[in-house]
Amino acid sequence: MRLTEQQVRSLYGQDVQDRSGAKIGSVGQVWADPSGEATWVSVKTGVMGHHESMAPLDAARMQPDGRLQVQYDKATVRSAPSVETGTNQPLSTEQLAQLYRHYQIGEQAGPPPKQQAGGPEMVRSEERLRVGTESEPAGAARLSKRVVTENVQTSVPVEHDEVTVVHEPILDADRGNVRAGIGEEQREMELRAEHPVVGKDQVPVERVRLNKDEVVEEQPVNAQVRRELVDADVPDRARRNR
């Protein structure tokens, strides 16, 4: 990925995403090759303390919002060889070789390291911790819906008919219009009354969902490493004091 000088300056502090879009950390520092092209960045992951993991800019791309997306997963970047925070030293040949091996990319051509002429020599080795992270299941969050029954009390106005007996005397002036008769007779009036009726409507009242946030925390790591010590057995007469 070729970047302009302005784009390189804008990288500092930007979020770094892995190839799936998950956040790894933020850009700490940028390294360029002899031609001035930006080739490596360090990523502040919040896991390595005073060290920042290295990531190649090869095949990386800048998102429209300024974030940097590398073409590796989060675990690979976080377990990559690291540099001290705030260092301004160029990457050594050994560091580059470690990075090429870690990311499984071909080493760039360059002058081979020169061997010093001298007597017998041996290589002293030591173990160094490579601390990273590995994702594993940590349980599951579920949403469950169940039905409960509860009593609801309310009131509703109801109507009913009530009967009142009214006696009206027939005046002398009206008797000619009223037919008189003696005998049994029955009349009916229909009465009505309301009673409560209960119906139920199912209505949506709210949405419930689960949100997941990624939280980065530091955990101490204690491990034992081995290193070699070289002892020289030189006769006193042949020993040179330095």
# chains A, B, ... in the order shown; residues from 1 in each chain; ligands from 1

call {"tool": "select_by_dssp", "arguments": {"residues": "range 3-239 of chain A", "states": "alpha helix (DSSP H)", "output": "list in words"}}
result
Glu5, Gln6, Gln7, Val8, Arg9, Ser10, Leu11, Lys74, Ala75, Thr76, Val77, Arg78, Thr93, Glu94, Gln95, Leu96, Ala97, Gln98, Leu99, Tyr100, Arg101, His102 and Tyr103 of chain A

call {"tool": "residues_around", "arguments": {"residues": "Arg179 in chain A", "least_positions_apart": "4", "cutoff": "12 Å", "atoms": "only C-alpha atoms", "output": "PDB file with N, CA, C and O atoms, in the first residue's frame"}}
result
ATOM      1  N   ILE A 170    -107.786   9.375  36.064  1.00  0.00           N
ATOM      2  CA  ILE A 170    -108.487   9.753  34.820  1.00  0.00           C
ATOM      3  C   ILE A 170    -109.517  10.826  35.174  1.00  0.00           C
ATOM      4  O   ILE A 170    -110.405  10.616  35.989  1.00  0.00           O
ATOM      5  N   ASP A 174    -111.798  13.091  30.415  1.00  0.00           N
ATOM      6  CA  ASP A 174    -111.174  12.043  29.594  1.00  0.00           C
ATOM      7  C   ASP A 174    -111.903  10.713  29.667  1.00  0.00           C
ATOM      8  O   ASP A 174    -111.515   9.765  28.973  1.00  0.00           O
ATOM      9  N   ARG A 175    -112.905  10.566  30.518  1.00  0.00           N
ATOM     10  CA  ARG A 175    -113.521   9.253  30.699  1.00  0.00           C
ATOM     11  C   ARG A 175    -114.225   8.770  29.432  1.00  0.00           C
ATOM     12  O   ARG A 175    -114.373   7.570  29.211  1.00  0.00           O
TER      13      ARG A 175
END

call {"tool": "closest_atom_pairs", "arguments": {"of": "range 14-87 of chain A", "to": "range 131-144 of chain A", "cutoff": "7 Å", "atoms": "only C-alpha atoms", "output": "JSON lines"}}
result
{"residue": "A:Ala75", "atom": "CA", "partner": "A:Thr133", "partner_atom": "CA", "distance": 6.0}
{"residue": "A:Arg78", "atom": "CA", "partner": "A:Gly132", "partner_atom": "CA", "distance": 5.6}
{"residue": "A:Ser79", "atom": "CA", "partner": "A:Gly132", "partner_atom": "CA", "distance": 4.2}

call {"tool": "atom_distance", "arguments": {"atom1": "CA of Thr93 in chain A", "atom2": "CA of Arg226 in chain A"}}
result
23.7 Å

call {"tool": "closest_residue", "arguments": {"among": "A:Asp18, A:Glu150, A:Asp236, A:Asp231", "to": "Arg61 in chain A", "atoms": "only C-alpha atoms"}}
result
A:Asp18

call {"tool": "closest_residue", "arguments": {"among": "A:Pro81, A:His195, A:Val70, A:Arg128", "to": "Glu94 in chain A", "atoms": "only C-alpha atoms"}}
result
A:Pro81

call {"tool": "residues_around", "arguments": {"residues": "range 40-45 of chain A", "least_positions_apart": "5", "cutoff": "10 Å", "atoms": "only C-alpha atoms", "output": "NGL selection string"}}
result
:A and (11-16 or 23-33 or 50-58 or 74 or 77-78 or 80-85 or 91 or 96 or 99 or 216-218)

call {"tool": "closest_residue", "arguments": {"among": "A:Gln202, A:Asn151, A:Glu126, A:Val178", "to": "Val225 in chain A", "atoms": "only C-alpha atoms"}}
result
A:Glu126

call {"tool": "closest_residue", "arguments": {"among": "A:Asp73, A:Asp65, A:Glu5, A:Glu194", "to": "Ala38 in chain A", "atoms": "only C-alpha atoms"}}
result
A:Glu5

call {"tool": "atom_distance", "arguments": {"atom1": "CA of Glu190 in chain A", "atom2": "CA of Glu159 in chain A"}}
result
14.5 Å

call {"tool": "closest_residue", "arguments": {"among": "A:Arg101, A:Arg9, A:Arg187, A:Arg209", "to": "Thr76 in chain A", "atoms": "only C-alpha atoms"}}
result
A:Arg101
